[in-house]
file work-v7.csv (CSV, C-alpha atoms)
chain,number,residue,atom,x,y,z
A,9,MET,CA,-46.8,92.6,98.5
A,10,ARG,CA,-48.0,92.6,94.9
A,11,LEU,CA,-51.6,91.8,94.1
A,12,ALA,CA,-52.7,89.1,91.7
A,13,LEU,CA,-56.5,89.5,91.0
A,14,PHE,CA,-58.5,86.9,89.2
A,15,ASP,CA,-62.0,86.9,87.8
A,16,LEU,CA,-63.5,83.4,88.4
A,17,ASP,CA,-66.1,82.4,85.8
A,18,ASN,CA,-64.7,81.6,82.4
A,19,THR,CA,-61.3,82.7,83.7
A,20,LEU,CA,-60.1,80.3,86.4
A,21,LEU,CA,-63.0,78.0,85.6
A,22,GLY,CA,-63.8,76.6,82.2
A,23,GLY,CA,-67.4,77.7,82.5
A,24,ASP,CA,-69.7,80.0,84.5
A,25,SER,CA,-70.4,78.9,88.1
A,26,ASP,CA,-73.5,81.1,88.5
A,27,HIS,CA,-75.1,79.8,85.3
A,28,ALA,CA,-74.0,76.2,86.2
A,29,TRP,CA,-75.8,76.5,89.6
A,30,GLY,CA,-79.0,77.2,87.9
A,31,ASP,CA,-78.5,74.3,85.5
A,32,TYR,CA,-77.7,72.0,88.5
A,33,LEU,CA,-81.0,73.0,90.2
A,34,CYS,CA,-83.0,72.4,87.0
A,35,GLU,CA,-81.3,69.1,86.2
A,36,ARG,CA,-82.1,67.7,89.6
A,37,GLY,CA,-85.8,68.8,89.5
A,38,ILE,CA,-85.3,71.3,92.3
A,39,LEU,CA,-86.5,74.1,90.1
A,40,ASP,CA,-88.7,74.1,87.0
A,41,PRO,CA,-86.4,72.7,84.3
A,42,VAL,CA,-88.1,74.7,81.5
A,43,ALA,CA,-89.3,78.0,82.9
A,44,TYR,CA,-86.3,78.6,85.2
A,45,LYS,CA,-83.7,77.4,82.7
A,46,ASN,CA,-85.1,79.7,80.0
A,47,ARG,CA,-84.9,82.7,82.3
A,48,ASN,CA,-81.4,81.7,83.5
A,49,ASP,CA,-80.2,81.3,79.9
A,50,ALA,CA,-81.7,84.7,78.9
A,51,PHE,CA,-79.9,86.4,81.8
A,52,TYR,CA,-76.7,84.7,80.8
A,53,GLN,CA,-77.1,86.0,77.3
A,54,ASP,CA,-77.7,89.5,78.6
A,55,TYR,CA,-74.5,89.2,80.7
A,56,GLN,CA,-72.4,88.2,77.7
A,57,ALA,CA,-73.9,91.0,75.7
A,58,GLY,CA,-73.2,93.6,78.4
A,59,THR,CA,-76.9,94.3,79.0
A,60,LEU,CA,-77.6,92.5,82.2
A,61,ASP,CA,-80.1,94.0,84.6
A,62,LEU,CA,-78.2,92.9,87.7
A,63,ASN,CA,-80.9,93.8,90.3
A,64,ALA,CA,-83.4,91.7,88.4
A,65,TYR,CA,-80.9,88.8,88.0
A,66,LEU,CA,-80.1,88.9,91.7
A,67,GLU,CA,-83.7,88.8,92.7
A,68,PHE,CA,-84.2,85.8,90.4
A,69,THR,CA,-81.2,83.8,91.5
A,70,LEU,CA,-81.3,84.4,95.2
A,71,GLU,CA,-84.9,83.4,95.6
A,72,ILE,CA,-84.0,79.7,96.0
A,73,LEU,CA,-81.6,80.6,98.8
A,74,ALA,CA,-84.4,82.3,100.8
A,75,ALA,CA,-86.7,79.3,100.3
A,76,THR,CA,-84.3,76.7,101.5
A,77,ASP,CA,-82.7,75.9,104.9
A,78,MET,CA,-78.9,76.1,105.3
A,79,ALA,CA,-78.4,72.3,105.8
A,80,GLN,CA,-80.1,71.5,102.5
A,81,LEU,CA,-78.2,74.3,100.7
A,82,ASP,CA,-74.9,73.0,102.0
A,83,GLU,CA,-75.8,69.5,100.8
A,84,TRP,CA,-76.8,70.7,97.3
A,85,HIS,CA,-73.6,72.8,97.1
A,86,ALA,CA,-71.4,69.8,98.0
A,87,ASP,CA,-73.0,67.9,95.1
A,88,PHE,CA,-72.7,70.9,92.8
A,89,MET,CA,-69.0,71.2,93.6
A,90,ARG,CA,-68.4,67.5,92.9
A,91,ASP,CA,-70.5,67.2,89.8
A,92,CYS,CA,-70.3,70.7,88.2
A,93,ILE,CA,-67.3,72.6,89.4
A,94,GLU,CA,-64.5,70.0,89.7
A,95,PRO,CA,-64.9,69.1,86.0
A,96,ILE,CA,-64.3,72.7,84.9
A,97,ILE,CA,-61.4,73.6,87.2
A,98,LEU,CA,-58.6,74.3,84.7
A,99,PRO,CA,-55.1,72.8,85.3
A,100,LYS,CA,-53.5,75.8,83.7
A,101,ALA,CA,-55.5,78.0,86.1
A,102,LEU,CA,-54.1,76.1,89.0
A,103,ALA,CA,-50.6,76.5,87.6
A,104,LEU,CA,-51.1,80.2,87.2
A,105,LEU,CA,-52.3,80.5,90.8
A,106,LYS,CA,-49.3,78.5,92.0
A,107,LYS,CA,-47.0,80.7,90.0
A,108,HIS,CA,-48.2,83.9,91.7
A,109,ARG,CA,-48.4,82.2,95.1
A,110,GLU,CA,-44.8,81.1,94.8
A,111,ALA,CA,-43.8,84.6,93.7
A,112,GLY,CA,-45.1,85.9,97.1
A,113,ASP,CA,-48.1,87.7,95.6
A,114,LYS,CA,-51.4,88.3,97.4
A,115,LEU,CA,-54.1,86.3,95.6
A,116,VAL,CA,-57.6,87.7,95.3
A,117,ILE,CA,-60.6,86.3,93.5
A,118,ILE,CA,-63.0,89.1,92.5
A,119,THR,CA,-66.3,88.0,91.0
A,120,ALA,CA,-69.8,89.2,90.3
A,121,THR,CA,-71.2,85.7,91.3
A,122,ASN,CA,-72.5,85.6,94.8
A,123,ARG,CA,-70.6,84.4,97.8
A,124,PHE,CA,-72.8,81.4,98.5
A,125,ILE,CA,-71.8,79.9,95.2
A,126,THR,CA,-68.2,81.1,95.1
A,127,GLY,CA,-67.0,80.8,98.7
A,128,PRO,CA,-66.4,77.0,98.5
A,129,ILE,CA,-64.9,77.4,95.0
A,130,ALA,CA,-62.3,80.0,96.3
A,131,LYS,CA,-61.5,77.6,99.1
A,132,ARG,CA,-61.0,74.7,96.7
A,133,LEU,CA,-58.6,76.9,94.7
A,134,ASP,CA,-56.8,77.8,97.9
A,135,VAL,CA,-57.4,81.5,97.5
A,136,GLU,CA,-58.1,83.0,100.9
A,137,THR,CA,-59.4,86.4,99.8
A,138,LEU,CA,-62.7,86.6,97.9
A,139,LEU,CA,-64.6,89.7,96.9
A,140,ALA,CA,-68.0,88.6,95.6
A,141,THR,CA,-71.6,89.8,95.5
A,142,GLU,CA,-72.9,89.4,99.0
A,143,CYS,CA,-76.1,87.6,100.1
A,144,GLU,CA,-78.0,88.9,103.1
A,145,ARG,CA,-78.4,86.5,106.0
A,146,VAL,CA,-80.6,86.9,109.1
A,147,ASP,CA,-80.6,84.3,111.9
A,148,ASP,CA,-78.5,82.0,109.8
A,149,ARG,CA,-80.9,82.0,106.9
A,150,TYR,CA,-80.7,83.8,103.5
A,151,THR,CA,-83.3,86.5,102.9
A,152,GLY,CA,-83.1,86.4,99.1
A,153,ARG,CA,-81.6,89.9,99.0
A,154,SER,CA,-78.1,91.1,98.3
A,155,THR,CA,-76.2,93.4,100.5
A,156,ASP,CA,-73.4,95.9,99.8
A,157,ILE,CA,-72.4,97.0,96.3
A,158,PRO,CA,-72.7,94.2,93.8
A,159,CYS,CA,-69.2,93.1,92.7
A,160,PHE,CA,-69.9,93.8,89.0
A,161,ARG,CA,-68.5,96.2,86.4
A,162,GLU,CA,-67.7,99.5,88.2
A,163,GLY,CA,-68.8,97.9,91.4
A,164,LYS,CA,-65.7,95.7,91.3
A,165,VAL,CA,-63.5,98.8,91.3
A,166,THR,CA,-65.5,100.3,94.2
A,167,ARG,CA,-65.3,97.1,96.2
A,168,LEU,CA,-61.6,96.6,95.5
A,169,ASN,CA,-60.7,100.2,96.3
A,170,ARG,CA,-62.4,99.9,99.7
A,171,TRP,CA,-60.7,96.5,100.4
A,172,LEU,CA,-57.3,98.1,99.4
A,173,GLU,CA,-57.9,101.0,101.9
A,174,GLU,CA,-59.0,98.6,104.7
A,175,ASN,CA,-56.1,96.2,104.2
A,176,GLY,CA,-53.2,98.4,103.3
A,177,PHE,CA,-52.6,97.2,99.8
A,178,ASN,CA,-52.3,99.2,96.5
A,179,LEU,CA,-52.3,98.4,92.8
A,180,GLU,CA,-48.6,99.0,92.2
A,181,GLY,CA,-47.3,96.1,90.0
A,182,SER,CA,-50.7,94.5,90.3
A,183,TYR,CA,-52.2,91.9,87.9
A,184,PHE,CA,-55.8,91.3,86.9
A,185,TYR,CA,-56.9,88.3,84.8
A,186,SER,CA,-60.4,88.3,83.2
A,187,ASP,CA,-62.3,87.0,80.2
A,188,SER,CA,-65.1,89.6,80.1
A,189,MET,CA,-65.6,93.0,78.7
A,190,ASN,CA,-67.7,93.6,81.8
A,191,ASP,CA,-64.4,93.8,83.7
A,192,LEU,CA,-62.9,96.6,81.6
A,193,PRO,CA,-63.3,99.2,84.4
A,194,LEU,CA,-61.0,97.1,86.6
A,195,LEU,CA,-58.7,96.0,83.9
A,196,LYS,CA,-57.9,99.7,83.2
A,197,GLN,CA,-57.0,100.2,86.8
A,198,VAL,CA,-54.2,97.6,87.3
A,199,ALA,CA,-50.6,97.7,86.2
A,200,ASN,CA,-50.8,94.4,84.3
A,201,PRO,CA,-54.2,93.7,82.8
A,202,VAL,CA,-54.4,90.2,81.1
A,203,ALA,CA,-57.2,89.0,78.9
A,204,VAL,CA,-57.9,85.3,79.5
A,205,ASP,CA,-59.8,83.4,76.8
A,206,PRO,CA,-61.6,86.7,76.3
A,207,ASP,CA,-65.0,87.4,74.8
A,208,PRO,CA,-64.8,89.0,71.3
A,209,ASN,CA,-65.2,92.5,72.6
A,210,LEU,CA,-62.5,92.2,75.3
A,211,ARG,CA,-60.2,90.5,72.8
A,212,ALA,CA,-60.5,93.5,70.4
A,213,GLU,CA,-60.0,95.9,73.3
A,214,ALA,CA,-57.0,94.0,74.5
A,215,GLU,CA,-55.4,93.9,71.1
A,216,GLN,CA,-56.0,97.6,70.6
A,217,ARG,CA,-54.4,98.4,74.0
A,218,GLY,CA,-51.6,96.0,73.6
A,219,TRP,CA,-52.6,93.9,76.6
A,220,PRO,CA,-51.5,90.2,76.8
A,221,VAL,CA,-54.1,87.7,75.7
A,222,ILE,CA,-53.6,84.2,77.1
A,223,SER,CA,-55.5,80.9,77.3
A,224,LEU,CA,-55.9,78.7,80.3
A,225,ARG,CA,-57.9,76.1,78.3
A,226,ASP,CA,-56.4,72.8,77.3

call {"tool": "encode", "arguments": {"input": "work-v7.csv", "output": "structure tokens"}}
result
Amino acid sequence: MRLALFDLDNTLLGGDSDHAWGDYLCERGILDPVAYKNRNDAFYQDYQAGTLDLNAYLEFTLEILAATDMAQLDEWHADFMRDCIEPIILPKALALLKKHREAGDKLVIITATNRFITGPIAKRLDVETLLATECERVDDRYTGRSTDIPCFREGKVTRLNRWLEENGFNLEGSYFYSDSMNDLPLLKQVANPVAVDPDPNLRAEAEQRGWPVISLRD
């Protein structure tokens, strides 16, 4: 079975779910709308520039999970899905997922964004397999720490290779769709790398390497 791998943020979605979660918390007064948003925006700019300190970012973004019980988090996330994620689900992305599904491919979303945010999104997109940055839970409560190797840059390759070994898949004939230069390590591993609405650095790289460049935006 051929693999079809998809980045999530700014690839299948017309926006960044991790950044949008921070905005959601600020807009509803759950977190400081000035101080938190400024730091959130600064981290996002670092991500786009390829200079993100991932450990610092995870410490920052997971703090609210540790401070909140699961019932409240689930309620917030349901609102977040309705108000922030549904509007940025791209019809062309749904069509691309459907195309690979109907071709008999194994669909996998592989994202640096944490599983708390992305688990319900993957379910909404009808993609069963999700590789994401993991959040530690103890006694059904988040600790504010991440576990395992973050699913970011070379970490995506490491996490995917382990998943391939554990599940009996390989990258023969595989596809990977991404918008970000941060995903270059994994794009170079697959048989069919595809740049989707890419950032300027990835666009230049894709054009130099002769990779397809597509848009899923309307």

call {"tool": "residues_near_point", "arguments": {"input": "work-v7.csv", "point": "(-73.5, 80.5, 100.2)", "cutoff": "12 Å", "atoms": "all atoms listed in the file", "output": "short mmCIF file (atom, residue, chain, number, x, y, z; two decimals) with C-alpha atoms, in the coordinates of the input"}}
result
data_model
loop_
_atom_site.label_atom_id
_atom_site.label_comp_id
_atom_site.auth_asym_id
_atom_site.auth_seq_id
_atom_site.Cartn_x
_atom_site.Cartn_y
_atom_site.Cartn_z
CA ASP A 26 -73.50 81.10 88.50
CA TRP A 29 -75.80 76.50 89.60
CA LEU A 70 -81.30 84.40 95.20
CA ILE A 72 -84.00 79.70 96.00
CA LEU A 73 -81.60 80.60 98.80
CA ALA A 74 -84.40 82.30 100.80
CA THR A 76 -84.30 76.70 101.50
CA ASP A 77 -82.70 75.90 104.90
CA MET A 78 -78.90 76.10 105.30
CA ALA A 79 -78.40 72.30 105.80
CA GLN A 80 -80.10 71.50 102.50
CA LEU A 81 -78.20 74.30 100.70
CA ASP A 82 -74.90 73.00 102.00
CA GLU A 83 -75.80 69.50 100.80
CA TRP A 84 -76.80 70.70 97.30
CA HIS A 85 -73.60 72.80 97.10
CA ALA A 86 -71.40 69.80 98.00
CA THR A 121 -71.20 85.70 91.30
CA ASN A 122 -72.50 85.60 94.80
CA ARG A 123 -70.60 84.40 97.80
CA PHE A 124 -72.80 81.40 98.50
CA ILE A 125 -71.80 79.90 95.20
CA THR A 126 -68.20 81.10 95.10
CA GLY A 127 -67.00 80.80 98.70
CA PRO A 128 -66.40 77.00 98.50
CA ILE A 129 -64.90 77.40 95.00
CA ALA A 130 -62.30 80.00 96.30
CA ALA A 140 -68.00 88.60 95.60
CA THR A 141 -71.60 89.80 95.50
CA GLU A 142 -72.90 89.40 99.00
CA CYS A 143 -76.10 87.60 100.10
CA GLU A 144 -78.00 88.90 103.10
CA ARG A 145 -78.40 86.50 106.00
CA ASP A 148 -78.50 82.00 109.80
CA ARG A 149 -80.90 82.00 106.90
CA TYR A 150 -80.70 83.80 103.50
CA THR A 151 -83.30 86.50 102.90
CA GLY A 152 -83.10 86.40 99.10
CA SER A 154 -78.10 91.10 98.30
#

call {"tool": "atom_distance", "arguments": {"input": "work-v7.csv", "atom1": "atom CA of Asp187 of chain A", "atom2": "atom CA of Tyr55 of chain A"}}
result
12.4 Å

call {"tool": "residues_around", "arguments": {"input": "work-v7.csv", "residues": "Asn63 of chain A", "least_positions_apart": "4", "cutoff": "9 Å", "atoms": "all atoms listed in the file", "output": "ChimeraX atom specification"}}
result
/A:67-68,154,158

call {"tool": "residues_around", "arguments": {"input": "work-v7.csv", "residues": "Asp207 of chain A", "least_positions_apart": "2", "cutoff": "10 Å", "atoms": "all atoms listed in the file", "output": "PyMOL selection string"}}
result
chain A and resi 18+56-57+186-190+203-205+209-213

call {"tool": "closest_residue", "arguments": {"input": "work-v7.csv", "among": "A:Glu94, A:Asp87, A:Asp147, A:Asp17", "to": "Asp191 of chain A", "atoms": "all atoms listed in the file"}}
result
A:Asp17

call {"tool": "atom_distance", "arguments": {"input": "work-v7.csv", "atom1": "atom CA of Leu13 of chain A", "atom2": "atom CA of Pro201 of chain A"}}
result
9.5 Å

call {"tool": "residues_near_point", "arguments": {"input": "work-v7.csv", "point": "(-64.9, 86.4, 89.0)", "cutoff": "6 Å", "atoms": "only C-alpha atoms", "output": "list of chain:residue names"}}
result
A:Asp15, A:Leu16, A:Asp17, A:Ile118, A:Thr119, A:Ala120

call {"tool": "atom_distance", "arguments": {"input": "work-v7.csv", "atom1": "atom CA of Phe160 of chain A", "atom2": "atom CA of Pro41 of chain A"}}
result
27.2 Å

call {"tool": "closest_residue", "arguments": {"input": "work-v7.csv", "among": "A:Leu11, A:Leu66, A:Leu20, A:Val42", "to": "Leu133 of chain A", "atoms": "only C-alpha atoms"}}
result
A:Leu20

call {"tool": "closest_residue", "arguments": {"input": "work-v7.csv", "among": "A:Arg225, A:Lys107, A:Arg36, A:Arg10", "to": "Val198 of chain A", "atoms": "all atoms listed in the file"}}
result
A:Arg10

call {"tool": "closest_residue", "arguments": {"input": "work-v7.csv", "among": "A:Leu195, A:Gly22, A:Thr155, A:Glu173", "to": "Pro95 of chain A", "atoms": "only C-alpha atoms"}}
result
A:Gly22

call {"tool": "closest_residue", "arguments": {"input": "work-v7.csv", "among": "A:Leu224, A:Val146, A:Lys45, A:Tyr52", "to": "Ser25 of chain A", "atoms": "all atoms listed in the file"}}
result
A:Tyr52

call {"tool": "residues_around", "arguments": {"input": "work-v7.csv", "residues": "Ala28 of chain A", "least_positions_apart": "3", "cutoff": "9 Å", "atoms": "only C-alpha atoms", "output": "PDB file with C-alpha atoms, in the coordinates of the input"}}
result
ATOM      1  CA  GLY A  23     -67.400  77.700  82.500  1.00  0.00           C
ATOM      2  CA  ASP A  24     -69.700  80.000  84.500  1.00  0.00           C
ATOM      3  CA  SER A  25     -70.400  78.900  88.100  1.00  0.00           C
ATOM      4  CA  ASP A  31     -78.500  74.300  85.500  1.00  0.00           C
ATOM      5  CA  TYR A  32     -77.700  72.000  88.500  1.00  0.00           C
ATOM      6  CA  LEU A  33     -81.000  73.000  90.200  1.00  0.00           C
ATOM      7  CA  PHE A  88     -72.700  70.900  92.800  1.00  0.00           C
ATOM      8  CA  CYS A  92     -70.300  70.700  88.200  1.00  0.00           C
ATOM      9  CA  ILE A  93     -67.300  72.600  89.400  1.00  0.00           C
TER      10      ILE A  93
END

call {"tool": "closest_residue", "arguments": {"input": "work-v7.csv", "among": "A:Leu39, A:Val202, A:Met89, A:Leu168", "to": "Thr69 of chain A", "atoms": "all atoms listed in the file"}}
result
A:Leu39

call {"tool": "axis_aligned_box", "arguments": {"input": "work-v7.csv", "around": "segment 200-206 of chain A", "padding_each_side": "4 Å", "output": "lines of an AutoDock Vina configuration file"}}
result
center_x = -56.2
center_y = 88.9
center_z = 80.3
size_x = 18.8
size_y = 19.0
size_z = 16.0

call {"tool": "decode", "arguments": {"input": "work-v7.csv", "residues": "segment 78-162 of chain A", "atoms": "C-alpha atoms", "output": "short mmCIF file (atom, residue, chain, number, x, y, z; two decimals), in the first residue's frame"}}
result
data_model
loop_
_atom_site.label_atom_id
_atom_site.label_comp_id
_atom_site.auth_asym_id
_atom_site.auth_seq_id
_atom_site.Cartn_x
_atom_site.Cartn_y
_atom_site.Cartn_z
CA MET A 78 -9.75 17.88 30.61
CA ALA A 79 -13.46 18.70 30.55
CA GLN A 80 -12.74 22.41 30.12
CA LEU A 81 -10.08 21.74 27.48
CA ASP A 82 -12.50 19.57 25.52
CA GLU A 83 -15.15 22.29 25.67
CA TRP A 84 -12.69 24.91 24.45
CA HIS A 85 -11.45 22.65 21.68
CA ALA A 86 -14.98 22.00 20.40
CA ASP A 87 -15.51 25.76 20.14
CA PHE A 88 -12.08 26.14 18.52
CA MET A 89 -12.93 23.53 15.90
CA ARG A 90 -16.21 25.25 15.07
CA ASP A 91 -15.00 28.83 15.07
CA CYS A 92 -11.38 28.61 13.95
CA ILE A 93 -10.71 25.33 12.13
CA GLU A 94 -13.84 24.72 10.06
CA PRO A 95 -13.43 28.05 8.24
CA ILE A 96 -9.88 27.16 7.13
CA ILE A 97 -10.51 23.59 5.94
CA LEU A 98 -9.76 23.78 2.23
CA PRO A 99 -12.16 22.10 -0.22
CA LYS A 100 -9.26 21.30 -2.55
CA ALA A 101 -7.46 19.64 0.37
CA LEU A 102 -10.50 17.46 1.02
CA ALA A 103 -10.54 16.58 -2.67
CA LEU A 104 -6.84 15.64 -2.58
CA LEU A 105 -7.38 13.42 0.46
CA LYS A 106 -10.32 11.79 -1.32
CA LYS A 107 -8.22 11.19 -4.44
CA HIS A 108 -5.55 9.34 -2.48
CA ARG A 109 -8.12 7.49 -0.40
CA GLU A 110 -9.91 6.25 -3.51
CA ALA A 111 -6.57 5.20 -5.02
CA GLY A 112 -6.13 2.85 -2.06
CA ASP A 113 -3.30 4.81 -0.48
CA LYS A 114 -2.58 4.88 3.24
CA LEU A 115 -3.18 8.45 4.46
CA VAL A 116 -0.99 9.89 7.23
CA ILE A 117 -0.94 13.40 8.67
CA ILE A 118 2.50 14.24 10.03
CA THR A 119 2.71 17.54 11.90
CA ALA A 120 4.83 19.43 14.41
CA THR A 121 1.69 20.71 16.13
CA ASN A 122 0.78 18.81 19.27
CA ARG A 123 -1.74 15.98 19.38
CA PHE A 124 -4.18 17.82 21.66
CA ILE A 125 -4.77 20.39 18.93
CA THR A 126 -4.46 18.12 15.89
CA GLY A 127 -6.16 14.89 16.99
CA PRO A 128 -9.71 16.21 16.45
CA ILE A 129 -8.63 17.90 13.20
CA ALA A 130 -7.28 14.63 11.78
CA LYS A 131 -10.53 12.95 12.77
CA ARG A 132 -12.52 15.71 11.05
CA LEU A 133 -10.46 15.15 7.89
CA ASP A 134 -11.09 11.39 8.16
CA VAL A 135 -7.38 10.56 8.43
CA GLU A 136 -6.91 7.74 10.90
CA THR A 137 -3.12 7.90 11.30
CA LEU A 138 -1.62 10.99 12.90
CA LEU A 139 2.02 11.54 13.77
CA ALA A 140 2.26 14.66 15.93
CA THR A 141 4.24 16.13 18.78
CA GLU A 142 3.07 14.28 21.88
CA CYS A 143 1.82 15.82 25.13
CA GLU A 144 2.51 13.99 28.38
CA ARG A 145 -0.53 12.96 30.40
CA VAL A 146 -0.58 11.59 33.94
CA ASP A 147 -3.82 10.48 35.62
CA ASP A 148 -5.83 11.87 32.69
CA ARG A 149 -4.33 15.33 33.01
CA TYR A 150 -1.71 17.08 30.93
CA THR A 151 1.58 17.81 32.67
CA GLY A 152 2.70 20.66 30.42
CA ARG A 153 5.59 18.60 29.08
CA SER A 154 6.05 16.92 25.72
CA THR A 155 7.06 13.29 25.33
CA ASP A 156 8.89 11.38 22.60
CA ILE A 157 10.79 13.08 19.78
CA PRO A 158 9.04 16.26 18.63
CA CYS A 159 7.60 15.75 15.16
CA PHE A 160 9.56 18.66 13.69
CA ARG A 161 12.20 18.92 10.96
CA GLU A 162 14.54 15.88 11.25
#
